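Colleague: Just one file: start08.tsv, with TSV, N, CA and C atoms and all ligand atoms.
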chain	number	residue	atom	x	y	z
Y	1	MET	N	14.39	-9.15	-30.08
Y	1	MET	CA	13.19	-8.35	-29.78
Y	1	MET	C	12.83	-7.52	-31.00
Y	2	HIS	N	11.56	-7.47	-31.30
Y	2	HIS	CA	11.17	-6.70	-32.47
Y	2	HIS	C	10.59	-5.37	-32.05
Y	3	GLU	N	11.09	-4.34	-32.70
Y	3	GLU	CA	10.75	-2.99	-32.27
Y	3	GLU	C	9.27	-2.67	-32.35
Y	4	MET	N	8.58	-3.28	-33.33
Y	4	MET	CA	7.15	-3.01	-33.45
Y	4	MET	C	6.41	-3.50	-32.20
Y	5	ALA	N	6.75	-4.71	-31.76
Y	5	ALA	CA	6.13	-5.27	-30.55
Y	5	ALA	C	6.53	-4.45	-29.33
Y	6	VAL	N	7.78	-4.02	-29.29
Y	6	VAL	CA	8.26	-3.19	-28.18
Y	6	VAL	C	7.48	-1.88	-28.15
Y	7	ALA	N	7.31	-1.28	-29.33
Y	7	ALA	CA	6.58	-0.02	-29.42
Y	7	ALA	C	5.14	-0.19	-28.92
Y	8	GLU	N	4.51	-1.32	-29.27
Y	8	GLU	CA	3.14	-1.59	-28.82
Y	8	GLU	C	3.09	-1.73	-27.30
Y	9	ASN	N	4.08	-2.41	-26.75
Y	9	ASN	CA	4.15	-2.56	-25.29
Y	9	ASN	C	4.31	-1.23	-24.59
Y	10	ILE	N	5.18	-0.40	-25.13
Y	10	ILE	CA	5.43	0.92	-24.54
Y	10	ILE	C	4.14	1.74	-24.58
Y	11	LEU	N	3.47	1.70	-25.72
Y	11	LEU	CA	2.23	2.46	-25.84
Y	11	LEU	C	1.17	1.94	-24.86
Y	12	ALA	N	1.08	0.62	-24.71
Y	12	ALA	CA	0.11	0.04	-23.78
Y	12	ALA	C	0.40	0.49	-22.35
Y	13	LEU	N	1.68	0.48	-21.97
Y	13	LEU	CA	2.08	0.93	-20.63
Y	13	LEU	C	1.73	2.40	-20.43
Y	14	ALA	N	2.04	3.21	-21.43
Y	14	ALA	CA	1.79	4.65	-21.34
Y	14	ALA	C	0.29	4.91	-21.24
Y	15	GLU	N	-0.51	4.12	-21.96
Y	15	GLU	CA	-1.97	4.31	-21.92
Y	15	GLU	C	-2.56	3.92	-20.57
Y	16	GLU	N	-1.98	2.90	-19.95
Y	16	GLU	CA	-2.40	2.53	-18.59
Y	16	GLU	C	-2.16	3.69	-17.63
Y	17	GLU	N	-0.98	4.30	-17.81
Y	17	GLU	CA	-0.60	5.42	-16.96
Y	17	GLU	C	-1.56	6.61	-17.19
Y	18	LEU	N	-1.89	6.86	-18.45
Y	18	LEU	CA	-2.82	7.93	-18.80
Y	18	LEU	C	-4.18	7.70	-18.13
Y	19	ALA	N	-4.64	6.47	-18.20
Y	19	ALA	CA	-5.95	6.13	-17.63
Y	19	ALA	C	-5.94	6.39	-16.12
Y	20	ARG	N	-4.82	6.02	-15.50
Y	20	ARG	CA	-4.68	6.20	-14.07
Y	20	ARG	C	-4.70	7.69	-13.70
Y	21	LEU	N	-4.15	8.53	-14.59
Y	21	LEU	CA	-4.06	9.97	-14.33
Y	21	LEU	C	-5.27	10.74	-14.89
Y	22	HIS	N	-6.20	10.01	-15.50
Y	22	HIS	CA	-7.37	10.62	-16.14
Y	22	HIS	C	-6.97	11.64	-17.21
Y	23	LEU	N	-5.98	11.29	-17.99
Y	23	LEU	CA	-5.55	12.13	-19.11
Y	23	LEU	C	-5.80	11.36	-20.40
Y	24	SER	N	-5.75	12.08	-21.51
Y	24	SER	CA	-6.10	11.38	-22.75
Y	24	SER	C	-5.07	11.46	-23.86
Y	25	ARG	N	-4.15	12.41	-23.77
Y	25	ARG	CA	-3.22	12.52	-24.89
Y	25	ARG	C	-1.77	12.59	-24.41
Y	26	LEU	N	-0.95	11.75	-25.01
Y	26	LEU	CA	0.48	11.76	-24.70
Y	26	LEU	C	1.16	12.91	-25.43
Y	27	GLU	N	1.98	13.66	-24.69
Y	27	GLU	CA	2.77	14.73	-25.32
Y	27	GLU	C	4.20	14.25	-25.58
Y	28	ALA	N	4.73	13.57	-24.58
Y	28	ALA	CA	6.11	13.09	-24.70
Y	28	ALA	C	6.31	11.90	-23.79
Y	29	ILE	N	7.14	10.99	-24.20
Y	29	ILE	CA	7.52	9.90	-23.31
Y	29	ILE	C	9.02	9.65	-23.40
Y	30	ARG	N	9.56	9.18	-22.29
Y	30	ARG	CA	10.99	8.84	-22.28
Y	30	ARG	C	11.14	7.35	-21.97
Y	31	VAL	N	11.89	6.72	-22.82
Y	31	VAL	CA	12.16	5.30	-22.66
Y	31	VAL	C	13.67	5.11	-22.47
Y	32	GLU	N	14.03	4.41	-21.42
Y	32	GLU	CA	15.44	4.09	-21.18
Y	32	GLU	C	15.64	2.61	-21.49
Y	33	TYR	N	16.67	2.33	-22.26
Y	33	TYR	CA	16.91	0.93	-22.62
Y	33	TYR	C	18.37	0.59	-22.41
Y	34	GLY	N	18.63	-0.61	-21.96
Y	34	GLY	CA	19.99	-1.06	-21.73
Y	34	GLY	C	20.70	-1.36	-23.03
Y	35	ALA	N	22.01	-1.25	-22.98
Y	35	ALA	CA	22.82	-1.50	-24.18
Y	35	ALA	C	22.65	-2.92	-24.72
Y	36	LEU	N	22.15	-3.84	-23.88
Y	36	LEU	CA	21.94	-5.22	-24.32
Y	36	LEU	C	20.48	-5.57	-24.53
Y	37	ALA	N	19.61	-4.56	-24.50
Y	37	ALA	CA	18.17	-4.85	-24.60
Y	37	ALA	C	17.76	-5.17	-26.04
Y	38	GLY	N	18.67	-5.06	-26.96
Y	38	GLY	CA	18.36	-5.40	-28.34
Y	38	GLY	C	17.54	-4.35	-29.06
Y	39	ILE	N	17.67	-3.12	-28.61
Y	39	ILE	CA	16.89	-2.03	-29.20
Y	39	ILE	C	17.73	-1.28	-30.23
Y	40	VAL	N	17.18	-1.12	-31.41
Y	40	VAL	CA	17.77	-0.24	-32.41
Y	40	VAL	C	16.94	1.04	-32.38
Y	41	PRO	N	17.52	2.14	-31.86
Y	41	PRO	CA	16.70	3.32	-31.59
Y	41	PRO	C	15.92	3.84	-32.81
Y	42	GLU	N	16.55	3.84	-33.97
Y	42	GLU	CA	15.86	4.34	-35.16
Y	42	GLU	C	14.66	3.46	-35.48
Y	43	ALA	N	14.84	2.16	-35.29
Y	43	ALA	CA	13.75	1.22	-35.59
Y	43	ALA	C	12.62	1.37	-34.58
Y	44	LEU	N	12.99	1.59	-33.31
Y	44	LEU	CA	11.97	1.76	-32.28
Y	44	LEU	C	11.18	3.06	-32.53
Y	45	ARG	N	11.91	4.11	-32.90
Y	45	ARG	CA	11.27	5.39	-33.20
Y	45	ARG	C	10.27	5.23	-34.35
Y	46	PHE	N	10.71	4.53	-35.38
Y	46	PHE	CA	9.88	4.28	-36.55
Y	46	PHE	C	8.64	3.45	-36.15
Y	47	GLY	N	8.86	2.40	-35.35
Y	47	GLY	CA	7.77	1.54	-34.90
Y	47	GLY	C	6.78	2.30	-34.05
Y	48	PHE	N	7.30	3.15	-33.19
Y	48	PHE	CA	6.43	3.91	-32.30
Y	48	PHE	C	5.57	4.90	-33.08
Y	49	GLU	N	6.20	5.56	-34.07
Y	49	GLU	CA	5.43	6.48	-34.91
Y	49	GLU	C	4.30	5.74	-35.63
Y	50	ALA	N	4.61	4.51	-36.03
Y	50	ALA	CA	3.60	3.70	-36.72
Y	50	ALA	C	2.44	3.34	-35.78
Y	51	VAL	N	2.74	2.97	-34.52
Y	51	VAL	CA	1.65	2.54	-33.63
Y	51	VAL	C	0.80	3.71	-33.12
Y	52	VAL	N	1.36	4.93	-33.09
Y	52	VAL	CA	0.53	6.06	-32.63
Y	52	VAL	C	-0.18	6.77	-33.78
Y	53	LYS	N	0.20	6.43	-35.00
Y	53	LYS	CA	-0.40	7.08	-36.15
Y	53	LYS	C	-1.92	6.85	-36.15
Y	54	GLY	N	-2.67	7.92	-36.30
Y	54	GLY	CA	-4.12	7.80	-36.34
Y	54	GLY	C	-4.76	7.74	-34.96
Y	55	THR	N	-3.95	7.76	-33.88
Y	55	THR	CA	-4.50	7.78	-32.53
Y	55	THR	C	-4.41	9.21	-31.98
Y	56	ALA	N	-4.92	9.43	-30.78
Y	56	ALA	CA	-4.87	10.73	-30.14
Y	56	ALA	C	-3.44	11.15	-29.85
Y	57	HIS	N	-2.53	10.19	-29.88
Y	57	HIS	CA	-1.14	10.47	-29.48
Y	57	HIS	C	-0.22	10.77	-30.66
Y	58	GLU	N	-0.79	10.86	-31.85
Y	58	GLU	CA	0.04	11.14	-33.02
Y	58	GLU	C	0.86	12.41	-32.78
Y	59	GLY	N	2.15	12.35	-33.08
Y	59	GLY	CA	3.01	13.51	-32.88
Y	59	GLY	C	3.69	13.54	-31.52
Y	60	VAL	N	3.43	12.54	-30.68
Y	60	VAL	CA	4.09	12.44	-29.36
Y	60	VAL	C	5.62	12.41	-29.55
Y	61	ARG	N	6.32	13.10	-28.67
Y	61	ARG	CA	7.78	13.10	-28.72
Y	61	ARG	C	8.31	11.88	-27.97
Y	62	LEU	N	9.16	11.16	-28.62
Y	62	LEU	CA	9.76	9.98	-28.01
Y	62	LEU	C	11.22	10.26	-27.73
Y	63	GLU	N	11.58	10.18	-26.44
Y	63	GLU	CA	12.97	10.41	-26.06
Y	63	GLU	C	13.57	9.06	-25.69
Y	64	LEU	N	14.65	8.70	-26.33
Y	64	LEU	CA	15.29	7.41	-26.09
Y	64	LEU	C	16.63	7.61	-25.42
Y	65	VAL	N	16.81	6.93	-24.31
Y	65	VAL	CA	18.06	7.08	-23.56
Y	65	VAL	C	18.70	5.69	-23.41
Y	66	CYS	N	19.90	5.55	-23.90
Y	66	CYS	CA	20.60	4.28	-23.78
Y	66	CYS	C	21.34	4.20	-22.45
Y	67	LEU	N	21.06	3.18	-21.66
Y	67	LEU	CA	21.76	2.98	-20.39
Y	67	LEU	C	23.04	2.20	-20.66
Y	68	PRO	N	24.17	2.71	-20.20
Y	68	PRO	CA	25.42	1.99	-20.46
Y	68	PRO	C	25.46	0.64	-19.74
Y	69	LEU	N	26.26	-0.21	-20.26
Y	69	LEU	CA	26.42	-1.54	-19.70
Y	69	LEU	C	27.23	-1.47	-18.40
Y	70	ARG	N	26.76	-2.20	-17.38
Y	70	ARG	CA	27.58	-2.31	-16.17
Y	70	ARG	C	27.71	-3.79	-15.81
Y	71	LEU	N	28.94	-4.19	-15.64
Y	71	LEU	CA	29.23	-5.61	-15.42
Y	71	LEU	C	29.89	-5.81	-14.07
Y	72	ARG	N	29.79	-7.04	-13.56
Y	72	ARG	CA	30.50	-7.38	-12.34
Y	72	ARG	C	31.30	-8.66	-12.58
Y	73	CYS	N	32.56	-8.59	-12.22
Y	73	CYS	CA	33.43	-9.74	-12.40
Y	73	CYS	C	33.04	-10.84	-11.40
Y	74	ALA	N	32.89	-12.09	-11.91
Y	74	ALA	CA	32.49	-13.20	-11.05
Y	74	ALA	C	33.61	-13.63	-10.10
Y	75	PHE	N	34.84	-13.23	-10.41
Y	75	PHE	CA	35.98	-13.70	-9.62
Y	75	PHE	C	36.37	-12.72	-8.53
Y	76	CYS	N	36.61	-11.44	-8.92
Y	76	CYS	CA	37.10	-10.49	-7.92
Y	76	CYS	C	36.02	-9.49	-7.51
Y	77	LYS	N	34.80	-9.60	-8.14
Y	77	LYS	CA	33.64	-8.76	-7.80
Y	77	LYS	C	33.80	-7.28	-8.16
Y	78	THR	N	34.78	-6.96	-8.97
Y	78	THR	CA	34.92	-5.58	-9.44
Y	78	THR	C	33.76	-5.24	-10.37
Y	79	SER	N	33.19	-4.06	-10.21
Y	79	SER	CA	32.16	-3.55	-11.09
Y	79	SER	C	32.81	-2.65	-12.12
Y	80	PHE	N	32.43	-2.83	-13.36
Y	80	PHE	CA	32.99	-1.96	-14.39
Y	80	PHE	C	31.99	-1.77	-15.52
Y	81	GLY	N	32.23	-0.76	-16.34
Y	81	GLY	CA	31.23	-0.40	-17.35
Y	81	GLY	C	31.76	-0.50	-18.75
Y	82	GLY	N	30.86	-0.23	-19.67
Y	82	GLY	CA	31.24	-0.24	-21.08
Y	82	GLY	C	30.13	0.38	-21.89
Y	83	GLU	N	30.42	0.68	-23.13
Y	83	GLU	CA	29.47	1.38	-23.97
Y	83	GLU	C	28.45	0.45	-24.63
Y	84	GLY	N	28.95	-0.59	-25.23
Y	84	GLY	CA	28.04	-1.44	-26.01
Y	84	GLY	C	28.26	-2.91	-25.74
Y	85	GLN	N	27.72	-3.70	-26.62
Y	85	GLN	CA	27.75	-5.15	-26.48
Y	85	GLN	C	29.18	-5.70	-26.40
Y	86	GLU	N	30.11	-5.06	-27.12
Y	86	GLU	CA	31.50	-5.55	-27.14
Y	86	GLU	C	32.15	-5.46	-25.76
Y	87	ALA	N	31.58	-4.57	-24.90
Y	87	ALA	CA	32.13	-4.42	-23.54
Y	87	ALA	C	31.99	-5.71	-22.74
Y	88	LEU	N	31.06	-6.57	-23.14
Y	88	LEU	CA	30.88	-7.87	-22.48
Y	88	LEU	C	32.15	-8.69	-22.50
Y	89	TYR	N	32.96	-8.50	-23.52
Y	89	TYR	CA	34.13	-9.35	-23.72
Y	89	TYR	C	35.44	-8.66	-23.35
Y	90	GLN	N	35.30	-7.51	-22.66
Y	90	GLN	CA	36.53	-6.84	-22.25
Y	90	GLN	C	37.03	-7.50	-20.95
Y	91	PRO	N	38.34	-7.52	-20.77
Y	91	PRO	CA	38.87	-8.12	-19.54
Y	91	PRO	C	38.51	-7.28	-18.32
Y	92	CYS	N	38.35	-7.94	-17.18
Y	92	CYS	CA	38.07	-7.24	-15.94
Y	92	CYS	C	39.24	-6.33	-15.58
Y	93	PRO	N	38.99	-5.06	-15.26
Y	93	PRO	CA	40.09	-4.17	-14.89
Y	93	PRO	C	40.72	-4.55	-13.55
Y	94	GLY	N	40.03	-5.35	-12.75
Y	94	GLY	CA	40.56	-5.73	-11.45
Y	94	GLY	C	41.53	-6.91	-11.53
Y	95	CYS	N	41.13	-7.98	-12.28
Y	95	CYS	CA	41.94	-9.20	-12.27
Y	95	CYS	C	42.28	-9.70	-13.68
Y	96	GLY	N	41.73	-9.06	-14.70
Y	96	GLY	CA	42.07	-9.45	-16.07
Y	96	GLY	C	41.24	-10.59	-16.63
Y	97	GLU	N	40.31	-11.14	-15.82
Y	97	GLU	CA	39.46	-12.24	-16.29
Y	97	GLU	C	38.57	-11.75	-17.44
Y	98	GLU	N	38.47	-12.56	-18.50
Y	98	GLU	CA	37.70	-12.13	-19.67
Y	98	GLU	C	36.30	-12.71	-19.70
Y	99	PHE	N	36.03	-13.76	-18.92
Y	99	PHE	CA	34.73	-14.43	-19.03
Y	99	PHE	C	34.01	-14.46	-17.69
Y	100	GLY	N	32.74	-14.70	-17.74
Y	100	GLY	CA	31.98	-14.91	-16.52
Y	100	GLY	C	31.50	-13.64	-15.85
Y	101	HIS	N	31.58	-12.52	-16.56
Y	101	HIS	CA	31.06	-11.28	-15.99
Y	101	HIS	C	29.54	-11.32	-15.97
Y	102	SER	N	28.95	-10.90	-14.85
Y	102	SER	CA	27.50	-10.84	-14.85
Y	102	SER	C	27.05	-9.41	-15.17
Y	103	VAL	N	25.86	-9.32	-15.76
Y	103	VAL	CA	25.33	-8.03	-16.19
Y	103	VAL	C	24.53	-7.41	-15.05
Y	104	GLU	N	24.98	-6.28	-14.55
Y	104	GLU	CA	24.24	-5.56	-13.50
Y	104	GLU	C	23.24	-4.58	-14.10
Y	105	GLN	N	23.64	-4.01	-15.21
Y	105	GLN	CA	22.74	-3.12	-15.92
Y	105	GLN	C	23.00	-3.26	-17.40
Y	106	GLY	N	21.93	-3.29	-18.19
Y	106	GLY	CA	22.15	-3.41	-19.62
Y	106	GLY	C	20.99	-4.06	-20.35
Y	107	LYS	N	20.09	-4.73	-19.57
Y	107	LYS	CA	18.98	-5.42	-20.23
Y	107	LYS	C	17.64	-4.73	-19.98
Y	108	GLU	N	17.67	-3.56	-19.37
Y	108	GLU	CA	16.44	-2.88	-18.99
Y	108	GLU	C	15.69	-2.30	-20.19
Y	109	LEU	N	14.40	-2.21	-20.02
Y	109	LEU	CA	13.58	-1.42	-20.94
Y	109	LEU	C	12.54	-0.75	-20.05
Y	110	ILE	N	12.70	0.54	-19.84
Y	110	ILE	CA	11.93	1.25	-18.83
Y	110	ILE	C	11.22	2.45	-19.44
Y	111	LEU	N	9.94	2.54	-19.14
Y	111	LEU	CA	9.21	3.76	-19.49
Y	111	LEU	C	9.41	4.71	-18.32
Y	112	SER	N	10.31	5.68	-18.45
Y	112	SER	CA	10.73	6.41	-17.27
Y	112	SER	C	9.97	7.69	-17.03
Y	113	ARG	N	9.34	8.25	-18.05
Y	113	ARG	CA	8.63	9.50	-17.84
Y	113	ARG	C	7.58	9.67	-18.92
Y	114	ILE	N	6.41	10.19	-18.55
Y	114	ILE	CA	5.46	10.58	-19.58
Y	114	ILE	C	4.96	11.99	-19.32
Y	115	GLU	N	4.71	12.71	-20.39
Y	115	GLU	CA	4.02	14.01	-20.30
Y	115	GLU	C	2.73	13.83	-21.06
Y	116	ALA	N	1.65	14.30	-20.44
Y	116	ALA	CA	0.36	14.10	-21.08
Y	116	ALA	C	-0.58	15.25	-20.76
Y	117	SER	N	-1.65	15.30	-21.53
Y	117	SER	CA	-2.63	16.36	-21.26
Y	117	SER	C	-4.04	15.78	-21.37
Y	201	ZN	ZN	37.96	-9.43	-11.85
Show me this structure written as C-alpha cells.
Ligand SMILES: [Zn+2]
Modeller:
Amino acid sequence: MHEMAVAENILALAEEELARLHLSRLEAIRVEYGALAGIVPEALRFGFEAVVKGTAHEGVRLELVCLPLRLRCAFCKTSFGGEGQEALYQPCPGCGEEFGHSVEQGKELILSRIEAS
C-alpha cells in the first residue's frame, strides 16, 4: 500500500464526513491502522501533509494509532496478541502450533475520529 494513495483516501473520507456535517475545515483526525496494514506512520504523515497542502485543511493534526495484532490459533482456537508483523510467526501459547493462525485484528485502516469547524 502506498501512503500517498492512503492519505488521499483518508482525506476523501474525511471530506465526505465534513460535507455531511456541513463543516468546511478539518482541525484534527485520528486514523487507526492495524500492525499488518502496511502503514509506515512517518510516510503516511508526510503524504497526508502533502495532500492537504494548499487546501482549507492545511495544518490539520493527524493522530495515528497502531492497533496491535490479534491472532487466533486454527487448531486450539486460542486468541493471542503481538506487537508487529513478527508476531505472526510466534507459536500459539495454547498448543505451540506455529502456523495457520488467522488474523482477527491487524489489517484495519479506520478513520476513527474527526474534529472540524
Ligand atoms: Zn493453539
Colleague: Could you give me, as a PDB file with N, CA and C atoms, keeping the file's coordinate frame, the residues within 12 Å of Glu108 (chain Y), counting only C-alpha atoms and dropping anything in the same chain fewer than 2 positions from it?
Modeller:
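Wrote part.pdb, looks like this:
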ATOM      1  N   VAL Y  31      11.890   6.720 -22.820  1.00  0.00           N
ATOM      2  CA  VAL Y  31      12.160   5.300 -22.660  1.00  0.00           C
ATOM      3  C   VAL Y  31      13.670   5.110 -22.470  1.00  0.00           C
ATOM      4  N   GLU Y  32      14.030   4.410 -21.420  1.00  0.00           N
ATOM      5  CA  GLU Y  32      15.440   4.090 -21.180  1.00  0.00           C
ATOM      6  C   GLU Y  32      15.640   2.610 -21.490  1.00  0.00           C
ATOM      7  N   TYR Y  33      16.670   2.330 -22.260  1.00  0.00           N
ATOM      8  CA  TYR Y  33      16.910   0.930 -22.620  1.00  0.00           C
ATOM      9  C   TYR Y  33      18.370   0.590 -22.410  1.00  0.00           C
ATOM     10  N   GLY Y  34      18.630  -0.610 -21.960  1.00  0.00           N
ATOM     11  CA  GLY Y  34      19.990  -1.060 -21.730  1.00  0.00           C
ATOM     12  C   GLY Y  34      20.700  -1.360 -23.030  1.00  0.00           C
ATOM     13  N   ALA Y  35      22.010  -1.250 -22.980  1.00  0.00           N
ATOM     14  CA  ALA Y  35      22.820  -1.500 -24.180  1.00  0.00           C
ATOM     15  C   ALA Y  35      22.650  -2.920 -24.720  1.00  0.00           C
ATOM     16  N   LEU Y  36      22.150  -3.840 -23.880  1.00  0.00           N
ATOM     17  CA  LEU Y  36      21.940  -5.220 -24.320  1.00  0.00           C
ATOM     18  C   LEU Y  36      20.480  -5.570 -24.530  1.00  0.00           C
ATOM     19  N   ALA Y  37      19.610  -4.560 -24.500  1.00  0.00           N
ATOM     20  CA  ALA Y  37      18.170  -4.850 -24.600  1.00  0.00           C
ATOM     21  C   ALA Y  37      17.760  -5.170 -26.040  1.00  0.00           C
ATOM     22  N   GLY Y  38      18.670  -5.060 -26.960  1.00  0.00           N
ATOM     23  CA  GLY Y  38      18.360  -5.400 -28.340  1.00  0.00           C
ATOM     24  C   GLY Y  38      17.540  -4.350 -29.060  1.00  0.00           C
ATOM     25  N   ILE Y  39      17.670  -3.120 -28.610  1.00  0.00           N
ATOM     26  CA  ILE Y  39      16.890  -2.030 -29.200  1.00  0.00           C
ATOM     27  C   ILE Y  39      17.730  -1.280 -30.230  1.00  0.00           C
ATOM     28  N   VAL Y  65      16.810   6.930 -24.310  1.00  0.00           N
ATOM     29  CA  VAL Y  65      18.060   7.080 -23.560  1.00  0.00           C
ATOM     30  C   VAL Y  65      18.700   5.690 -23.410  1.00  0.00           C
ATOM     31  N   CYS Y  66      19.900   5.550 -23.900  1.00  0.00           N
ATOM     32  CA  CYS Y  66      20.600   4.280 -23.780  1.00  0.00           C
ATOM     33  C   CYS Y  66      21.340   4.200 -22.450  1.00  0.00           C
ATOM     34  N   LEU Y  67      21.060   3.180 -21.660  1.00  0.00           N
ATOM     35  CA  LEU Y  67      21.760   2.980 -20.390  1.00  0.00           C
ATOM     36  C   LEU Y  67      23.040   2.200 -20.660  1.00  0.00           C
ATOM     37  N   PRO Y  68      24.170   2.710 -20.200  1.00  0.00           N
ATOM     38  CA  PRO Y  68      25.420   1.990 -20.460  1.00  0.00           C
ATOM     39  C   PRO Y  68      25.460   0.640 -19.740  1.00  0.00           C
ATOM     40  N   LEU Y  69      26.260  -0.210 -20.260  1.00  0.00           N
ATOM     41  CA  LEU Y  69      26.420  -1.540 -19.700  1.00  0.00           C
ATOM     42  C   LEU Y  69      27.230  -1.470 -18.400  1.00  0.00           C
ATOM     43  N   ARG Y  70      26.760  -2.200 -17.380  1.00  0.00           N
ATOM     44  CA  ARG Y  70      27.580  -2.310 -16.170  1.00  0.00           C
ATOM     45  C   ARG Y  70      27.710  -3.790 -15.810  1.00  0.00           C
ATOM     46  N   VAL Y 103      25.860  -9.320 -15.760  1.00  0.00           N
ATOM     47  CA  VAL Y 103      25.330  -8.030 -16.190  1.00  0.00           C
ATOM     48  C   VAL Y 103      24.530  -7.410 -15.050  1.00  0.00           C
ATOM     49  N   GLU Y 104      24.980  -6.280 -14.550  1.00  0.00           N
ATOM     50  CA  GLU Y 104      24.240  -5.560 -13.500  1.00  0.00           C
ATOM     51  C   GLU Y 104      23.240  -4.580 -14.100  1.00  0.00           C
ATOM     52  N   GLN Y 105      23.640  -4.010 -15.210  1.00  0.00           N
ATOM     53  CA  GLN Y 105      22.740  -3.120 -15.920  1.00  0.00           C
ATOM     54  C   GLN Y 105      23.000  -3.260 -17.400  1.00  0.00           C
ATOM     55  N   GLY Y 106      21.930  -3.290 -18.190  1.00  0.00           N
ATOM     56  CA  GLY Y 106      22.150  -3.410 -19.620  1.00  0.00           C
ATOM     57  C   GLY Y 106      20.990  -4.060 -20.350  1.00  0.00           C
ATOM     58  N   ILE Y 110      12.700   0.540 -19.840  1.00  0.00           N
ATOM     59  CA  ILE Y 110      11.930   1.250 -18.830  1.00  0.00           C
ATOM     60  C   ILE Y 110      11.220   2.450 -19.440  1.00  0.00           C
ATOM     61  N   LEU Y 111       9.940   2.540 -19.140  1.00  0.00           N
ATOM     62  CA  LEU Y 111       9.210   3.760 -19.490  1.00  0.00           C
ATOM     63  C   LEU Y 111       9.410   4.710 -18.320  1.00  0.00           C
ATOM     64  N   SER Y 112      10.310   5.680 -18.450  1.00  0.00           N
ATOM     65  CA  SER Y 112      10.730   6.410 -17.270  1.00  0.00           C
ATOM     66  C   SER Y 112       9.970   7.690 -17.030  1.00  0.00           C
TER      67      SER Y 112
END
Colleague: Residues up to 5 Å from ligand ZN 201 (chain Y), counting only N, CA and C atoms and all ligand atoms: could you list those as a list in words?
Modeller: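 The neighbouring residues of ligand ZN 201 (chain Y) are, in order, Cys73, Phe75, Cys76, Lys77, Thr78, Cys92, Gly94, Cys95, Gly96 and Glu97 of chain Y.
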Colleague: Can you work out which one of Y:Gly47, Y:Gly100, Y:Gly59, Y:Pro93 has the shortest atom-to-atom distance to Ala5 (chain Y), counting only C-alpha atoms?
Modeller: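 Closest to Ala5 (chain Y) of all the choices is Y:Gly47.
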Colleague: Between Y:Val40, Y:Ala74, Y:Leu88, Y:Ala56, which has the minimum distance to Leu23 (chain Y) (counting only C-alpha atoms)?
Modeller: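 For Leu23 (chain Y), the nearest of the given residues is Y:Ala56.
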Colleague: Could you please write out, as an MDAnalysis selection string, every residue of region 32-70 of chain Y that DSSP assigns to alpha helix (DSSP H)?
Modeller: chainID Y and resid 41:52
Colleague: Which of these, Y:Ala14, Y:Glu98, Y:Leu44, Y:Pro91, has the shortest distance to Leu26 (chain Y) once you count all atoms listed in the file?
Modeller: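 Looking at the shortest contact to Leu26 (chain Y), the residue is Y:Ala14.
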Colleague: Please provide the set of residues having any atom within 9 Å of Phe48 (chain Y), restricted to only C-alpha atoms, with same-chain residues fewer than 3 positions apart removed, written as a ChimeraX atom specification.
Modeller: /Y:3-4,6-8,10-11,43-45,51-53,62
Colleague: Env of Ile114 (chain Y): 6.5 Å cut, atoms = only N, CA and C atoms, seq-sep filter 6 positions within chain, self excluded. Answer as a list in words.
Modeller: Glu27, Ala28, Ile29 and Arg30 of chain Y
Colleague: Give, as AutoDock Vina command-line options, the centre coordinates and the x, y and z edge lengths in Å to one decimal for an axis-aligned box around all listed atoms of region 16-25 of chain Y, padded by 8 Å on each side.
Modeller:
--center_x -4.0 --center_y 7.6 --center_z -19.3 --size_x 22.8 --size_y 26.1 --size_z 27.2
Colleague: Can you tell me how far atom C of Lys107 (chain Y) sits from atom C of Arg20 (chain Y), in Å to one decimal?
Modeller: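 Separation of atom C of Lys107 (chain Y) and atom C of Arg20 (chain Y): 26.3 Å.
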Colleague: Mind listing the strand (DSSP E or B) residues of chain Y, per DSSP on the backbone, as a PyMOL selection string?
Modeller: chain Y and resi 26-34+61-67+69-72+79-82+102-105+109-116
Colleague: Take CA of Ala50 (chain Y) and CA of Ser24 (chain Y) and report the distance between them in Å, one decimal.
Modeller: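 Result for CA of Ala50 (chain Y) versus CA of Ser24 (chain Y): 18.7 Å, one decimal.
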